[in-house]
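Participant: Attaching a single structure in structure tokens format; questions to follow.
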Amino acid sequence: MVRLDGERTPGTKLALAIGIAFLLSIPLFSIYLLNYNRQSESSEATQSITSGWGGTQIIGGPVLVIPYAATVTTTSVENGQNVTRTNTMQKELQIAPELLNVATGLQPQRRKRSIYEAVVYDAAVSGQARFAFPPDLAHTGVDPSQMDLTRAELRFPVGDPRGLGGNPQVAANGARLRLQPGLGSDGGRGFFAWTDASGLATKPIVVDFAYNIRGNEALSLAPLAGETHWSVRSSWQSPSFGGDFLPNAPKVSAQGFEAGYDIGNLSLGQSLINASAGEQASTDTDSDTSKVHQQVAQITLIQPVDLYSQVDRATKYGFLFIGFTFLALLMFDVIVGVRVSSVEYLLMGAALVLFFVLLLAFAEVIGFTPAYVVASAAIAGLNTAYAAAVLASWRRAAFIGALLIGLYAVLYVLISLEAFSLLIGAILLFAALAGVMYGTRRIDWGGRSEEAAA
């Protein structure tokens, strides 16, 4: 076997191994960029899969909108004189329900395109809202005699109306209403129905509704009511509860989850009635029901295993693999006397870097855990066989193979136990450093003993 190394001191050999290790950090960084690029392509593929299905949905309870006439007096200066004009404008009075009960059945689905996968859902939304004539209407400055109760609208804001499916049904006091797209004179996204609210002054209006809506990733509810009760049930096993409100004692199991919310208008910090300041044909920022309130209760269907984040974390430990393997080769070189050339360091290091490429490529097809087993077995076997030739002994090569298998096993544990990965990694590094310091305590790294003898 042709050796490219000359006679070097142990310190020179250590510096050479460190230099080659740092050289291999360049392809390691390239793998990190490759993983990031594949993750971006996966996100684009997910958006393509869900583009025709429906986006992240935000639903809101119904709002009763009553048009009314308001007298507006304006004063202007014309030709040096004050001119007062009185105009009648059409405005809208928005009334939120005093009680809103919503039940949602969330059915998740996995949709695939090529090697990419996205989680979408079909939500069956049903509920009941009760509207009452506001007793504090006088504080809004609205004259009840100017209200046109026969032209009232029930508006249902929806985040992405493309997801509306089936045949939504809305009934007021048992009478089924005909639905229209949009949010009536307010414009916006959702659907609405005209209704006659003439009896609102004497008795409440009870609105029953049911519709299906499709979406992906997350479903949110904007609690626009005096009391909002939202119950959600799904077969998804990994929900994430976010937004501005959390459920009351949610139940999560292998069969799915159940969650219930109880939200009052005092926690929302808003009134149940709102008189718009703009004309009927205009859109007022404060009263636009198409803009779902910022305060929402949100449920996200998270993916329990994100292979790209796992590959990313594994790649960050790549330098540790190279360091331990090179350290083992160095020990055979300076202690046992088996010379290892720089080319042999480089080839075995390249095989270690190739592990992460194999891991990413196989993980996209067969999943992370099977890909990890395949890639680690292939690289450990390859480096063990090569080490047998370099170290001129299968027994010594078996040590290299056992070291790699142990490192791959520890890395998998570190990836799985995210909360304690730093602690475990620090302890293992301390133990490895202590072992190396003990094993090399009598090595003359600078060749001082040989110089003294000469």
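Ordered as shown in the structure tokens, chains take letters A, B, and onward, while each chain numbers its residues from 1 and ligands are numbered from 1 in the order shown.
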Find the residues around Ser234 (chain A) up to 8 Å (only C-alpha atoms counted), leave out those fewer than 4 positions away in its own chain, and share them as a VMD selection string.
Facilitator: chain A and resid 105 to 108 256 to 258
Participant: Write down as number ranges by chain the residues belonging to region 126-193 of chain A that are assigned strand (DSSP E) by DSSP computed on the backbone.
Facilitator: A: 126-131, 152-157, 164-172, 175-177, 179-181, 190-193
Participant: When you count only C-alpha atoms, which of these residues is closest to Gly264 (chain A): A:Ala249, A:Ala210, A:Leu99, A:Leu164?
Facilitator: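 Closest to Gly264 (chain A), using only C-alpha atoms: A:Leu99.
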Participant: So which residues touch region 29-45 of chain A within 8 Å, counting only C-alpha atoms, skipping near sequence neighbours fewer than 3 positions away, as an mmCIF file with all heavy atoms, in the first residue's frame?
Facilitator:
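After the write, around_30.cif holds the following:
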```cif
data_model
loop_
_atom_site.group_PDB
_atom_site.id
_atom_site.type_symbol
_atom_site.label_atom_id
_atom_site.label_comp_id
_atom_site.auth_asym_id
_atom_site.auth_seq_id
_atom_site.Cartn_x
_atom_site.Cartn_y
_atom_site.Cartn_z
ATOM 1 N N SER A 25 -16.321 20.177 6.619
ATOM 2 C CA SER A 25 -17.460 20.991 7.043
ATOM 3 C C SER A 25 -18.103 21.713 5.868
ATOM 4 O O SER A 25 -19.272 22.111 5.941
ATOM 5 C CB SER A 25 -17.013 22.006 8.096
ATOM 6 O OG SER A 25 -16.076 22.930 7.540
ATOM 7 N N ILE A 26 -17.364 21.871 4.769
ATOM 8 C CA ILE A 26 -17.945 22.527 3.576
ATOM 9 C C ILE A 26 -19.060 21.686 2.974
ATOM 10 O O ILE A 26 -20.179 22.186 2.764
ATOM 11 C CB ILE A 26 -16.835 22.830 2.548
ATOM 12 C CG1 ILE A 26 -15.814 23.792 3.142
ATOM 13 C CG2 ILE A 26 -17.437 23.393 1.266
ATOM 14 C CD1 ILE A 26 -14.630 24.066 2.224
ATOM 15 N N SER A 48 -49.570 23.802 -3.084
ATOM 16 C CA SER A 48 -50.199 23.399 -4.342
ATOM 17 C C SER A 48 -51.295 22.370 -4.093
ATOM 18 O O SER A 48 -52.350 22.408 -4.736
ATOM 19 C CB SER A 48 -49.140 22.826 -5.288
ATOM 20 O OG SER A 48 -49.733 22.336 -6.473
ATOM 21 N N ILE A 49 -51.056 21.447 -3.152
ATOM 22 C CA ILE A 49 -52.060 20.420 -2.841
ATOM 23 C C ILE A 49 -53.304 21.047 -2.244
ATOM 24 O O ILE A 49 -54.432 20.681 -2.574
ATOM 25 C CB ILE A 49 -51.458 19.373 -1.883
ATOM 26 C CG1 ILE A 49 -50.332 18.588 -2.581
ATOM 27 C CG2 ILE A 49 -52.533 18.399 -1.408
ATOM 28 C CD1 ILE A 49 -49.567 17.676 -1.648
ATOM 29 N N ARG A 113 -48.997 14.164 -3.153
ATOM 30 C CA ARG A 113 -48.623 14.458 -4.531
ATOM 31 C C ARG A 113 -47.134 14.127 -4.657
ATOM 32 O O ARG A 113 -46.309 14.752 -4.020
ATOM 33 C CB ARG A 113 -48.892 15.912 -4.897
ATOM 34 C CG ARG A 113 -48.451 16.278 -6.316
ATOM 35 C CD ARG A 113 -48.855 17.694 -6.654
ATOM 36 N NE ARG A 113 -50.296 17.863 -6.624
ATOM 37 C CZ ARG A 113 -50.912 19.037 -6.784
ATOM 38 N NH1 ARG A 113 -50.187 20.131 -6.979
ATOM 39 N NH2 ARG A 113 -52.218 19.103 -6.746
ATOM 40 N N TYR A 116 -44.644 14.176 -1.599
ATOM 41 C CA TYR A 116 -45.028 15.172 -0.612
ATOM 42 C C TYR A 116 -46.436 14.889 -0.103
ATOM 43 O O TYR A 116 -47.281 14.333 -0.807
ATOM 44 C CB TYR A 116 -44.947 16.574 -1.199
ATOM 45 C CG TYR A 116 -43.566 16.922 -1.705
ATOM 46 C CD1 TYR A 116 -43.298 16.995 -3.077
ATOM 47 C CD2 TYR A 116 -42.527 17.162 -0.824
ATOM 48 C CE1 TYR A 116 -42.031 17.309 -3.539
ATOM 49 C CE2 TYR A 116 -41.246 17.471 -1.284
ATOM 50 C CZ TYR A 116 -41.010 17.537 -2.636
ATOM 51 O OH TYR A 116 -39.759 17.844 -3.086
ATOM 52 N N TYR A 308 -37.824 16.906 7.757
ATOM 53 C CA TYR A 308 -36.803 17.891 7.399
ATOM 54 C C TYR A 308 -36.164 18.513 8.639
ATOM 55 O O TYR A 308 -34.954 18.768 8.660
ATOM 56 C CB TYR A 308 -37.395 18.973 6.499
ATOM 57 C CG TYR A 308 -37.834 18.440 5.161
ATOM 58 C CD1 TYR A 308 -39.170 18.242 4.876
ATOM 59 C CD2 TYR A 308 -36.902 18.102 4.186
ATOM 60 C CE1 TYR A 308 -39.577 17.736 3.647
ATOM 61 C CE2 TYR A 308 -37.293 17.598 2.963
ATOM 62 C CZ TYR A 308 -38.630 17.420 2.702
ATOM 63 O OH TYR A 308 -39.031 16.911 1.491
ATOM 64 N N VAL A 311 -33.807 15.805 9.959
ATOM 65 C CA VAL A 311 -32.565 15.737 9.184
ATOM 66 C C VAL A 311 -31.688 16.949 9.489
ATOM 67 O O VAL A 311 -30.455 16.842 9.583
ATOM 68 C CB VAL A 311 -32.881 15.643 7.678
ATOM 69 C CG1 VAL A 311 -31.605 15.757 6.848
ATOM 70 C CG2 VAL A 311 -33.591 14.337 7.359
ATOM 71 N N ASP A 312 -32.311 18.097 9.660
ATOM 72 C CA ASP A 312 -31.559 19.302 9.982
ATOM 73 C C ASP A 312 -30.832 19.148 11.314
ATOM 74 O O ASP A 312 -29.646 19.500 11.441
ATOM 75 C CB ASP A 312 -32.513 20.500 10.031
ATOM 76 C CG ASP A 312 -31.801 21.776 10.441
ATOM 77 O OD1 ASP A 312 -31.051 22.324 9.629
ATOM 78 O OD2 ASP A 312 -32.002 22.219 11.587
ATOM 79 N N THR A 315 -27.916 16.717 10.917
ATOM 80 C CA THR A 315 -26.782 17.292 10.196
ATOM 81 C C THR A 315 -25.917 18.152 11.115
ATOM 82 O O THR A 315 -24.690 18.216 10.953
ATOM 83 C CB THR A 315 -27.288 18.127 9.008
ATOM 84 O OG1 THR A 315 -28.159 17.332 8.197
ATOM 85 C CG2 THR A 315 -26.127 18.618 8.151
ATOM 86 N N PHE A 356 -25.679 11.685 5.591
ATOM 87 C CA PHE A 356 -26.761 12.654 5.715
ATOM 88 C C PHE A 356 -27.492 12.847 4.380
ATOM 89 O O PHE A 356 -28.687 13.136 4.359
ATOM 90 C CB PHE A 356 -26.210 13.977 6.234
ATOM 91 C CG PHE A 356 -25.538 13.840 7.573
ATOM 92 C CD1 PHE A 356 -24.153 13.794 7.671
ATOM 93 C CD2 PHE A 356 -26.277 13.733 8.729
ATOM 94 C CE1 PHE A 356 -23.530 13.658 8.890
ATOM 95 C CE2 PHE A 356 -25.671 13.591 9.960
ATOM 96 C CZ PHE A 356 -24.289 13.544 10.050
ATOM 97 N N VAL A 357 -26.775 12.693 3.276
ATOM 98 C CA VAL A 357 -27.435 12.745 1.967
ATOM 99 C C VAL A 357 -28.357 11.535 1.803
ATOM 100 O O VAL A 357 -29.512 11.662 1.359
ATOM 101 C CB VAL A 357 -26.388 12.789 0.840
ATOM 102 C CG1 VAL A 357 -27.075 12.829 -0.518
ATOM 103 C CG2 VAL A 357 -25.476 13.992 0.998
ATOM 104 N N LEU A 360 -31.514 11.986 3.994
ATOM 105 C CA LEU A 360 -32.511 12.892 3.414
ATOM 106 C C LEU A 360 -33.223 12.241 2.236
ATOM 107 O O LEU A 360 -34.462 12.320 2.122
ATOM 108 C CB LEU A 360 -31.834 14.191 2.985
ATOM 109 C CG LEU A 360 -32.698 15.219 2.252
ATOM 110 C CD1 LEU A 360 -33.871 15.654 3.119
ATOM 111 C CD2 LEU A 360 -31.867 16.422 1.830
#
```
Participant: Excluding same-chain residues fewer than 2 positions from Glu344 (chain A), what lies within 10 Å of it counting only C-alpha atoms, as a compact mmCIF listing (two decimals) with N, CA, C and O atoms, in the first residue's frame?
Facilitator:
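After the write, out_30.txt holds the following:
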```
# COMPACT_ATOMS: atom_id res chain seq x y z
N ARG A 3 1.92 4.87 0.86
CA ARG A 3 1.64 5.87 1.88
C ARG A 3 2.05 7.24 1.38
O ARG A 3 3.13 7.42 0.84
N LEU A 4 1.16 8.22 1.55
CA LEU A 4 1.48 9.58 1.14
C LEU A 4 2.06 10.40 2.27
O LEU A 4 2.52 11.52 2.08
N LEU A 329 -9.13 6.83 14.60
CA LEU A 329 -8.05 6.54 13.67
C LEU A 329 -6.72 7.10 14.17
O LEU A 329 -5.65 6.48 14.03
N VAL A 340 -2.00 6.02 9.27
CA VAL A 340 -3.20 6.38 8.51
C VAL A 340 -2.88 7.65 7.72
O VAL A 340 -2.50 8.68 8.29
N SER A 341 -3.02 7.58 6.41
CA SER A 341 -2.68 8.73 5.56
C SER A 341 -3.81 9.73 5.51
O SER A 341 -4.96 9.45 5.89
N SER A 342 -3.51 10.91 5.04
CA SER A 342 -4.51 11.98 4.92
C SER A 342 -5.61 11.60 3.94
O SER A 342 -6.78 11.96 4.13
N LEU A 346 -9.62 11.43 4.60
CA LEU A 346 -10.56 12.15 3.73
C LEU A 346 -11.65 11.22 3.20
O LEU A 346 -12.84 11.59 3.18
N LEU A 347 -11.28 10.00 2.78
CA LEU A 347 -12.28 9.08 2.22
C LEU A 347 -13.27 8.62 3.28
O LEU A 347 -14.48 8.56 3.03
N MET A 348 -12.79 8.29 4.47
CA MET A 348 -13.71 7.87 5.53
C MET A 348 -14.59 9.03 5.98
O MET A 348 -15.78 8.85 6.29
N GLY A 349 -14.04 10.24 5.99
CA GLY A 349 -14.86 11.40 6.32
C GLY A 349 -15.92 11.67 5.27
O GLY A 349 -17.06 12.05 5.60
N ALA A 350 -15.57 11.48 3.99
CA ALA A 350 -16.55 11.67 2.93
C ALA A 350 -17.71 10.68 3.07
O ALA A 350 -18.87 11.02 2.80
N TYR A 386 -13.61 -0.61 4.93
CA TYR A 386 -12.45 0.17 4.51
C TYR A 386 -11.41 0.25 5.63
O TYR A 386 -10.20 0.20 5.39
N ALA A 387 -11.90 0.37 6.89
CA ALA A 387 -10.97 0.43 8.01
C ALA A 387 -10.19 -0.87 8.17
O ALA A 387 -9.04 -0.86 8.63
N VAL A 390 -7.31 -0.35 5.90
CA VAL A 390 -6.42 0.71 6.35
C VAL A 390 -5.64 0.29 7.59
O VAL A 390 -4.42 0.51 7.70
```
Participant: For Arg130 (chain A), list every protein, DNA or RNA residue within 9 Å, evaluated using only C-alpha atoms, and leave out those in the same chain fewer than 4 positions away; present the list as an mmCIF file with N, CA, C and O atoms, in the first residue's frame.
Facilitator:
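Writing the result to part15.cif gives the following:
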```cif
data_model
loop_
_atom_site.group_PDB
_atom_site.id
_atom_site.type_symbol
_atom_site.label_atom_id
_atom_site.label_comp_id
_atom_site.auth_asym_id
_atom_site.auth_seq_id
_atom_site.Cartn_x
_atom_site.Cartn_y
_atom_site.Cartn_z
ATOM 1 N N ALA A 96 -74.556 41.288 17.969
ATOM 2 C CA ALA A 96 -74.004 39.951 18.170
ATOM 3 C C ALA A 96 -74.985 39.130 19.006
ATOM 4 O O ALA A 96 -75.750 39.681 19.803
ATOM 5 N N PRO A 97 -74.980 37.823 18.861
ATOM 6 C CA PRO A 97 -75.899 37.000 19.658
ATOM 7 C C PRO A 97 -75.535 37.045 21.134
ATOM 8 O O PRO A 97 -74.353 37.137 21.493
ATOM 9 N N GLU A 98 -76.545 36.985 21.973
ATOM 10 C CA GLU A 98 -76.262 36.946 23.406
ATOM 11 C C GLU A 98 -75.783 35.566 23.834
ATOM 12 O O GLU A 98 -75.095 35.421 24.839
ATOM 13 N N LEU A 99 -76.112 34.539 23.053
ATOM 14 C CA LEU A 99 -75.657 33.182 23.344
ATOM 15 C C LEU A 99 -75.364 32.469 22.035
ATOM 16 O O LEU A 99 -76.180 32.500 21.109
ATOM 17 N N LEU A 100 -74.205 31.835 21.956
ATOM 18 C CA LEU A 100 -73.811 31.116 20.752
ATOM 19 C C LEU A 100 -73.239 29.757 21.145
ATOM 20 O O LEU A 100 -72.279 29.673 21.920
ATOM 21 N N PRO A 204 -86.884 36.936 21.482
ATOM 22 C CA PRO A 204 -85.592 36.689 20.830
ATOM 23 C C PRO A 204 -85.761 35.936 19.511
ATOM 24 O O PRO A 204 -86.769 35.265 19.267
ATOM 25 N N ILE A 205 -84.766 36.075 18.665
ATOM 26 C CA ILE A 205 -84.687 35.321 17.416
ATOM 27 C C ILE A 205 -83.660 34.208 17.612
ATOM 28 O O ILE A 205 -82.509 34.472 17.977
ATOM 29 N N VAL A 206 -84.085 32.980 17.376
ATOM 30 C CA VAL A 206 -83.204 31.821 17.502
ATOM 31 C C VAL A 206 -82.804 31.363 16.103
ATOM 32 O O VAL A 206 -83.669 31.061 15.276
ATOM 33 N N VAL A 207 -81.528 31.351 15.859
ATOM 34 C CA VAL A 207 -81.004 30.997 14.540
ATOM 35 C C VAL A 207 -80.267 29.667 14.649
ATOM 36 O O VAL A 207 -79.332 29.520 15.449
ATOM 37 N N ASP A 208 -80.706 28.699 13.857
ATOM 38 C CA ASP A 208 -80.010 27.416 13.755
ATOM 39 C C ASP A 208 -79.255 27.368 12.432
ATOM 40 O O ASP A 208 -79.797 27.772 11.388
#
```
Participant: Write out as a ChimeraX atom specification each polymer residue whose atoms come within 10 Å of Ala254 (chain A), counting only C-alpha atoms; drop sequence neighbours fewer than 5 positions from it.
Facilitator: /A:235-238
Participant: Show me, as a PyMOL selection string, the residues that have an atom within 8 Å of region 351-355 of chain A when counting only C-alpha atoms, minus same-chain residues fewer than 2 positions from it.
Facilitator: chain A and resi 24+27-28+318+321-322+347-349+357-359+375-376+379+382-383
Participant: Please write the residues from the selection above to a file, keeping N, CA and C atoms, as a CSV table (one decimal), in the first residue's frame.
Facilitator:
```csv
chain,number,residue,atom,x,y,z
A,24,LEU,N,-14.1,19.0,5.6
A,24,LEU,CA,-15.3,18.3,5.4
A,24,LEU,C,-16.5,19.1,5.8
A,27,PRO,N,-18.8,20.4,2.7
A,27,PRO,CA,-20.0,19.6,2.2
A,27,PRO,C,-21.1,19.4,3.2
A,28,LEU,N,-20.7,19.4,4.5
A,28,LEU,CA,-21.8,19.3,5.6
A,28,LEU,C,-22.7,20.6,5.5
A,318,GLY,N,-23.1,16.4,12.5
A,318,GLY,CA,-22.2,15.7,11.6
A,318,GLY,C,-20.8,15.9,12.0
A,321,PHE,N,-19.6,13.3,14.5
A,321,PHE,CA,-19.3,12.0,13.9
A,321,PHE,C,-17.9,12.0,13.3
A,322,ILE,N,-17.6,13.0,12.6
A,322,ILE,CA,-16.2,13.1,11.9
A,322,ILE,C,-15.2,13.2,13.0
A,347,LEU,N,-11.3,10.0,2.8
A,347,LEU,CA,-12.3,9.1,2.2
A,347,LEU,C,-13.3,8.6,3.3
A,348,MET,N,-12.8,8.3,4.5
A,348,MET,CA,-13.7,7.9,5.5
A,348,MET,C,-14.6,9.0,6.0
A,349,GLY,N,-14.0,10.2,6.0
A,349,GLY,CA,-14.9,11.4,6.3
A,349,GLY,C,-15.9,11.7,5.3
A,357,VAL,N,-26.8,12.7,3.3
A,357,VAL,CA,-27.4,12.7,2.0
A,357,VAL,C,-28.4,11.5,1.8
A,358,LEU,N,-27.9,10.4,2.2
A,358,LEU,CA,-28.7,9.2,2.1
A,358,LEU,C,-29.9,9.3,3.0
A,359,LEU,N,-29.7,9.8,4.2
A,359,LEU,CA,-30.8,10.0,5.2
A,359,LEU,C,-31.9,10.9,4.6
A,375,ALA,N,-29.5,4.1,6.1
A,375,ALA,CA,-28.3,5.0,5.9
A,375,ALA,C,-27.2,4.6,6.9
A,376,SER,N,-27.5,4.5,8.1
A,376,SER,CA,-26.5,4.2,9.2
A,376,SER,C,-25.9,2.8,8.9
A,379,ILE,N,-23.4,3.1,5.8
A,379,ILE,CA,-22.2,3.9,6.1
A,379,ILE,C,-21.3,3.1,7.1
A,382,LEU,N,-19.7,0.3,5.2
A,382,LEU,CA,-18.7,0.7,4.3
A,382,LEU,C,-17.4,1.2,5.0
A,383,ASN,N,-17.5,2.0,6.1
A,383,ASN,CA,-16.3,2.4,6.8
A,383,ASN,C,-15.6,1.3,7.5
```
Participant: Taking the backbone alone, and naming residues the way the document does, which bits of region 65-305 of chain A are alpha helix (DSSP H) by DSSP, as a PyMOL selection string?
Facilitator: chain A and resi 265-268
Participant: Next, write the just-selected residues to a file, as a compact mmCIF listing (two decimals), in the first residue's frame, keeping N, CA, C and O atoms as the atom set.
Facilitator:
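File produced: result.txt:
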```txt
# COMPACT_ATOMS: atom_id res chain seq x y z
N ASN A 265 -68.13 37.75 26.59
CA ASN A 265 -67.79 39.00 25.90
C ASN A 265 -66.96 39.93 26.77
O ASN A 265 -66.26 40.80 26.27
N LEU A 266 -66.99 39.74 28.10
CA LEU A 266 -66.14 40.56 28.95
C LEU A 266 -64.66 40.26 28.71
O LEU A 266 -63.82 41.16 28.78
N SER A 267 -64.34 39.01 28.42
CA SER A 267 -62.94 38.68 28.10
C SER A 267 -62.56 39.16 26.72
O SER A 267 -61.37 39.32 26.42
N LEU A 268 -63.56 39.40 25.86
CA LEU A 268 -63.28 39.94 24.53
C LEU A 268 -63.07 41.45 24.56
O LEU A 268 -62.42 42.01 23.67
```
Participant: Between CA of Glu117 (chain A) and CA of Ser253 (chain A), what is the distance in Å, rounded to a tenth?
Facilitator: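 Interatomic distance here is 23.2 Å.
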Participant: For Pro134 (chain A), which residue among A:Val102, A:Ala201, A:Gly381, A:Thr325 is the nearest when counting only C-alpha atoms?
Facilitator: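 Under the stated criterion, the closest residue is A:Ala201.
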